[in-house]
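S.K.: Pasting a structure below so you can have a look.
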There are 2 protein chains.
Amino acid sequence: MRIDPKSAADLSAQIATAIRDEIVEGRLIVDQRLPSEAELADHFDVSRPTVREALKRLAAQSLIRTQRGASGGAFVNRLSFEEAYAQQITTSTLLLSMNTVSFETACEARFALERACAALSAQRRTADHLAAMRAEIHRQDQPGLTDEAFCASDVAFHRALVDGAGNPVLSYQLAGAVEAMQPLMNMITFTGRDRARIVALHERIADAVEDQDGGRVADGLSALEDETQTLAARLFAERTAEA
Amino acid sequence: MRIDPKSAADLSAQIATAIRDEIVEGRLIVDQRLPSEAELADHFDVSRPTVREALKRLAAQSLIRTQRGASGGAFVNRLSFEEAYAQQITTSTLLLSMNTVSFETACEARFALERACAALSAQRRTADHLAAMRAEIHRQDQPGLTDEAFCASDVAFHRALVDGAGNPVLSYQLAGAVEAMQPLMNMITFTGRDRARIVALHERIADAVEDQDGGRVADGLSALEDETQTLAARLFAERTAEA
DNA sequence: TGAAAAATTAATGTCAGACATTTATCCTCA
DNA sequence: TGAGGATAAATGTCTGACATTAATTTTTCA
């Protein structure tokens with residue numbers, strides 16, 4: 001584990017990369033303790049603050065965790081699905097908000113991904129998943145529901161559908177994508193959405209899931225995509241007409 | 001933008017979170033310059049090293065970039081697809097290597113995701129995408145190819161398929177997943193894979209893409225999944241028999 | 001007068017050493 | 001034997017300084 005002091009890059013960045021490589025390539029394993037900051041500083045021939053900056057970079061990516069006190073130190077962190085998930089949502093959200101991604105493109109990707117688990121979910125969903133979907137539909141049908149609550153319920157509905165596939169890797173990938181894109185979709189369709197039609201489409205999807213008919217689930221999702229795209233297009237047209 | 005000095009969390013973590021929120025919620029926009037380290041230290045009433053640790057955390061997530069010299073400083077970074085991509089691959093790779101995810105589960109997720117863009121890719125792929133796929137197939141058929149090169153070509157083939165959908169959001173999500181899972185799949189199937197059968201299945205997929213038949217592309221992917229799962233199961237059985 | 005060269009300045013990058021705080025462990029003493 | 005305090009080791013934070021980089025301004029000289 002070496003660094004090049006003559007490189008143009010920051011020392012802390014180089015050190016972080018060196019340690020990350022050790023982790024990714026398996027030479028540092030989960031829960032293993034890294035040398036203390038003083039020892040690392042000595043090893044890399046840099047000061048303690050520089051080492052600390054490097055460790056903070058790794059901590060920001062959940063690659064390590066630190067503990068104070070005697071027998072404390074930095075430990076290789078077992079990346080949990082939850083952490084990976086949170087990171088994915090942040091990254092995807094920023095990516096969509098900072099780049100000129102059209103609503104059409106984002107929406108298309110979101111539904112394509114969700115259809116990817118339609119067949120598996122229809123086949124494997126438990127009664128719990130189905131009940132969760134029904135419960136969210138019922139909530140969405142309440143008249144007094146705020147827009148924020150409706151959107152949250154929308155996310156929960158799709159989350160239950162995705163989880164029904166019983167594949168944590170798939171859930172991690174998809175739910176991250178769905179959650180990241182939902183705010184963007186809501187922001188655009190907030191005002192003009194017709195709740196009754198959304199609820200009807202959700203019911204159609206839930207019925208297909210109940211019947212364990214993957215094809216019909218996918219069709220329902222496609223119909224929901226159409227509805228969303230049409231709505232967005234209409235709103236966009238109205239907005240440009242006003243201006 | 002405030003922090004709570006009495007909180008249990010690290011000051012640098014609190015500061016990083018505070019600034020990240022400003023960025024995510026759009027109060028700090030792309031290319032905007034943050035206050036200097038000294039000004040931030042003053043504002044949060046902490047020392048400069050503490051501020052620096054916070055900034056390094058943000059830099060590790062590509063949320064900011066720093067420039068030295070007069071008129072330098074920290075700037076809000078436009079997260080590019082490439083950066084988002086690289087982060088996703090790192091996260092997914094670690095997640096798979098550190099958790100007890102069965103090969104079966106990872107493989108299932110990978111192919112389900114890839115099938116998600118089969119229809120779009122078949123419909124929209126350009127001649128370039130098809131040519132790229134054919135080129136990789138041709139490379140995979142060379143006798144002298146090393147295992148590493150074969151795997152790299154395998155990734156490139158699927159990458160071309162995914163990119164054919166012409167949806168950057170989808171490419172970002174899927175190619176990240178495919179790339180993260182490929183090493184795991186290769187590691188397991190390295191020794192026992194029958195290249196001729198893989199190449200034949202790739203050809204079947206490419207043919208379907210050429211004919212712009214999304215259903216057949218999906219079928220081809222499913223066949224490839226079966227082949228991979230069967231191979232893995234056989235290797236796993238052999239390995240346990242030896243032990 | 002104009003352009004090259006030098007000085008200035010403002011920022012990040014790095015270092016050294018100190019103190020504060022937390023926590024596991026050992027030791028003492030009742 | 002058990003409880004409580006001393007001890008040690010580690011991270012967390014601060015102060016102050018210097019190094020390095022790069023834009024800007026000033027100076028100098030052809």
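Naming works like this for the structure tokens: A, B, ... for the chains as they're shown, residue 1 at the start of each chain, ligands 1 onward in shown order.
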Would you tabulate, counting only C-alpha atoms (C1' of nucleotides), all residues of region 42-148 of chain A that have an atom at most 12 Å from an atom of region 2-26 of chain D, showing the closest pair of atoms and their distance in Å to one decimal, sorted by chain then ascending number, as a Markdown table?
M.R.:
| residue | atom | partner | partner_atom | distance |
| --- | --- | --- | --- | --- |
| A:Arg48 | CA | D:DT11 | C1' | 11.2 |
| A:Pro49 | CA | D:DT13 | C1' | 10.8 |
| A:Arg52 | CA | D:DT11 | C1' | 9.8 |
| A:Leu55 | CA | D:DT11 | C1' | 11.5 |
| A:Arg65 | CA | D:DT11 | C1' | 11.5 |
| A:Thr66 | CA | D:DT11 | C1' | 7.8 |
| A:Gln67 | CA | D:DT11 | C1' | 7.0 |
| A:Arg68 | CA | D:DT11 | C1' | 4.8 |
| A:Gly69 | CA | D:DA10 | C1' | 4.9 |
| A:Ala70 | CA | D:DA9 | C1' | 4.5 |
| A:Ser71 | CA | D:DA10 | C1' | 6.6 |
| A:Gly72 | CA | D:DA10 | C1' | 5.5 |
| A:Gly73 | CA | D:DA10 | C1' | 6.2 |
| A:Ala74 | CA | D:DT11 | C1' | 9.0 |
S.K.: Which residues are close to Ile205 (chain B), i.e. within 9 Å by only C-alpha atoms (C1' of nucleotides), leaving aside same-chain residues fewer than 5 positions away? Reply as a VMD selection string.
M.R.: chain B and resid 200 210 216 to 221
S.K.: Write out as a list in words which residues come within 9 Å of Val209 (chain A) when counting only C-alpha atoms (C1' of nucleotides), dropping same-chain ones fewer than 2 positions away.
M.R.: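 Here the answer would be Ala118, Ser121, Ala122, Gln123, Arg125, Leu130, Leu161, Arg204, Ile205, Ala206, Asp207, Asp211, Gln212, Asp213, Gly214, Arg216 and Val217 of chain A.
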S.K.: Could you take the residues named above and write them with N, CA and C atoms, as an mmCIF file, in the first residue's frame?
M.R.:
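out.cif was written with the following content:
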data_model
loop_
_atom_site.group_PDB
_atom_site.id
_atom_site.type_symbol
_atom_site.label_atom_id
_atom_site.label_comp_id
_atom_site.auth_asym_id
_atom_site.auth_seq_id
_atom_site.Cartn_x
_atom_site.Cartn_y
_atom_site.Cartn_z
ATOM 1 N N ALA A 118 -42.000 -7.340 -12.819
ATOM 2 C CA ALA A 118 -43.435 -7.638 -12.820
ATOM 3 C C ALA A 118 -43.691 -9.140 -12.769
ATOM 4 N N SER A 121 -42.564 -10.705 -9.448
ATOM 5 C CA SER A 121 -43.420 -10.284 -8.344
ATOM 6 C C SER A 121 -44.782 -10.985 -8.401
ATOM 7 N N ALA A 122 -45.317 -11.095 -9.609
ATOM 8 C CA ALA A 122 -46.606 -11.766 -9.754
ATOM 9 C C ALA A 122 -46.508 -13.223 -9.300
ATOM 10 N N GLN A 123 -45.406 -13.816 -9.618
ATOM 11 C CA GLN A 123 -45.210 -15.228 -9.315
ATOM 12 C C GLN A 123 -44.988 -15.488 -7.833
ATOM 13 N N ARG A 125 -45.096 -13.080 -5.038
ATOM 14 C CA ARG A 125 -45.594 -12.177 -3.979
ATOM 15 C C ARG A 125 -46.332 -12.974 -2.910
ATOM 16 N N LEU A 130 -49.385 -8.273 -1.192
ATOM 17 C CA LEU A 130 -50.664 -7.915 -1.794
ATOM 18 C C LEU A 130 -51.466 -7.029 -0.846
ATOM 19 N N LEU A 161 -44.796 -3.640 -4.626
ATOM 20 C CA LEU A 161 -44.777 -4.417 -5.865
ATOM 21 C C LEU A 161 -43.380 -4.959 -6.141
ATOM 22 N N ARG A 204 -55.997 -2.139 -11.002
ATOM 23 C CA ARG A 204 -55.811 -3.074 -12.105
ATOM 24 C C ARG A 204 -54.515 -3.857 -11.924
ATOM 25 N N ILE A 205 -53.474 -3.161 -11.497
ATOM 26 C CA ILE A 205 -52.176 -3.827 -11.268
ATOM 27 C C ILE A 205 -52.287 -4.803 -10.094
ATOM 28 N N ALA A 206 -52.924 -4.350 -9.009
ATOM 29 C CA ALA A 206 -53.061 -5.214 -7.830
ATOM 30 C C ALA A 206 -53.873 -6.465 -8.168
ATOM 31 N N ASP A 207 -54.920 -6.305 -8.978
ATOM 32 C CA ASP A 207 -55.723 -7.465 -9.385
ATOM 33 C C ASP A 207 -54.865 -8.471 -10.139
ATOM 34 N N ASP A 211 -53.888 -12.304 -9.147
ATOM 35 C CA ASP A 211 -54.073 -13.461 -10.025
ATOM 36 C C ASP A 211 -52.736 -14.070 -10.459
ATOM 37 N N GLN A 212 -51.654 -13.501 -9.993
ATOM 38 C CA GLN A 212 -50.306 -13.957 -10.352
ATOM 39 C C GLN A 212 -50.108 -14.004 -11.862
ATOM 40 N N ASP A 213 -50.584 -12.966 -12.516
ATOM 41 C CA ASP A 213 -50.488 -12.874 -13.970
ATOM 42 C C ASP A 213 -49.481 -11.769 -14.327
ATOM 43 N N GLY A 214 -48.217 -12.185 -14.524
ATOM 44 C CA GLY A 214 -47.142 -11.226 -14.764
ATOM 45 C C GLY A 214 -47.365 -10.356 -15.987
ATOM 46 N N ARG A 216 -50.159 -9.309 -17.291
ATOM 47 C CA ARG A 216 -51.141 -8.262 -17.030
ATOM 48 C C ARG A 216 -50.569 -7.192 -16.103
ATOM 49 N N VAL A 217 -49.690 -7.599 -15.184
ATOM 50 C CA VAL A 217 -49.024 -6.608 -14.329
ATOM 51 C C VAL A 217 -48.224 -5.648 -15.203
#
S.K.: Please check the contacts: residues of chain B at most 7 Å away from chain A, using only C-alpha atoms, listed as a list of chain:residue names.
M.R.: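 The complete set of qualifying residues is B:Val24, B:Glu53, B:Lys56, B:Arg57, B:Ala60, B:Arg78, B:Leu79, B:Ser80, B:Ala84, B:Gln88, B:Thr91, B:Leu94, B:Leu95, B:Met98, B:Thr105, B:Ala106, B:Ala109, B:Ala112, B:Leu113, B:Arg115, B:Ala116, B:Cys117, B:Asn167, B:Val169, B:Leu170.
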S.K.: Pick from C:DA11, C:DA24, C:DC19, C:DA3: nearest to chain A, with only C-alpha atoms (C1' of nucleotides) counted?
M.R.: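 Under the stated criterion, the closest residue is C:DA24.
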S.K.: List the neighbours of DA4 (chain C) out to 10 Å using only C-alpha atoms (C1' of nucleotides); skip same-chain residues closer than 5 positions along the sequence, and give me the result as a list in words.
M.R.: DT28, DC29 and DA30 of chain D
S.K.: Could you please determine the separation between CA of Gly215 (chain B) and CA of Gly215 (chain A) in Å, to one decimal place?
M.R.: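 Separation of CA of Gly215 (chain B) and CA of Gly215 (chain A): 12.5 Å.
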S.K.: With 7 Å as the limit and counting only C-alpha atoms (C1' of nucleotides), what residues in chain C lie close to chain A? Please list them as an MDAnalysis selection string.
M.R.: chainID C and resid 15 22:24
S.K.: Since we have the selection now, will you write its residues out, keeping N, CA and C atoms (P, O5', C5', C4', C3', O3' and C1' of nucleotides), as a PDB file, in the first residue's frame?
M.R.:
ATOM      1  P    DC C  15       1.844  16.237   4.956  1.00  0.00           P
ATOM      2  O5'  DC C  15       2.343  17.093   6.203  1.00  0.00           O
ATOM      3  C5'  DC C  15       3.446  17.992   6.037  1.00  0.00           C
ATOM      4  C4'  DC C  15       3.630  18.813   7.288  1.00  0.00           C
ATOM      5  C3'  DC C  15       3.680  17.984   8.570  1.00  0.00           C
ATOM      6  O3'  DC C  15       4.992  18.010   9.108  1.00  0.00           O
ATOM      7  C1'  DC C  15       2.323  19.959   8.807  1.00  0.00           C
ATOM      8  P    DT C  22     -17.491  12.789  25.486  1.00  0.00           P
ATOM      9  O5'  DT C  22     -17.156  11.277  25.123  1.00  0.00           O
ATOM     10  C5'  DT C  22     -16.890  10.954  23.764  1.00  0.00           C
ATOM     11  C4'  DT C  22     -16.197   9.619  23.677  1.00  0.00           C
ATOM     12  C3'  DT C  22     -16.839   8.502  24.502  1.00  0.00           C
ATOM     13  O3'  DT C  22     -17.101   7.427  23.627  1.00  0.00           O
ATOM     14  C1'  DT C  22     -14.501   8.540  24.820  1.00  0.00           C
ATOM     15  P    DT C  23     -18.199   6.349  23.958  1.00  0.00           P
ATOM     16  O5'  DT C  23     -17.315   5.104  24.402  1.00  0.00           O
ATOM     17  C5'  DT C  23     -16.352   4.587  23.484  1.00  0.00           C
ATOM     18  C4'  DT C  23     -15.346   3.721  24.185  1.00  0.00           C
ATOM     19  C3'  DT C  23     -15.940   2.735  25.202  1.00  0.00           C
ATOM     20  O3'  DT C  23     -15.454   1.450  24.891  1.00  0.00           O
ATOM     21  C1'  DT C  23     -14.065   3.808  26.084  1.00  0.00           C
ATOM     22  P    DA C  24     -16.264   0.138  25.243  1.00  0.00           P
ATOM     23  O5'  DA C  24     -15.077  -0.902  25.464  1.00  0.00           O
ATOM     24  C5'  DA C  24     -14.065  -0.987  24.478  1.00  0.00           C
ATOM     25  C4'  DA C  24     -12.740  -1.370  25.118  1.00  0.00           C
ATOM     26  C3'  DA C  24     -12.804  -2.572  26.057  1.00  0.00           C
ATOM     27  O3'  DA C  24     -11.718  -3.428  25.776  1.00  0.00           O
ATOM     28  C1'  DA C  24     -11.894  -0.714  27.200  1.00  0.00           C
TER      29       DA C  24
END
S.K.: Please extract the residues of region 46-201 of chain B with a backbone DSSP assignment of strand (DSSP E or B) and present them as a list in words.
M.R.: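 These are the residues in question: Ile64, Arg65, Thr66, Gln67, Gly73, Ala74, Phe75 and Val76 of chain B.
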S.K.: From the DSSP assignment of the backbone, select every residue of region 39-237 of chain A that is helix (DSSP H, G or I), and format the answer as number ranges by chain.
M.R.: A: 39-44, 48-60, 81-98, 103-116, 118-124, 127-140, 147-163, 168-189, 195-210, 214-237
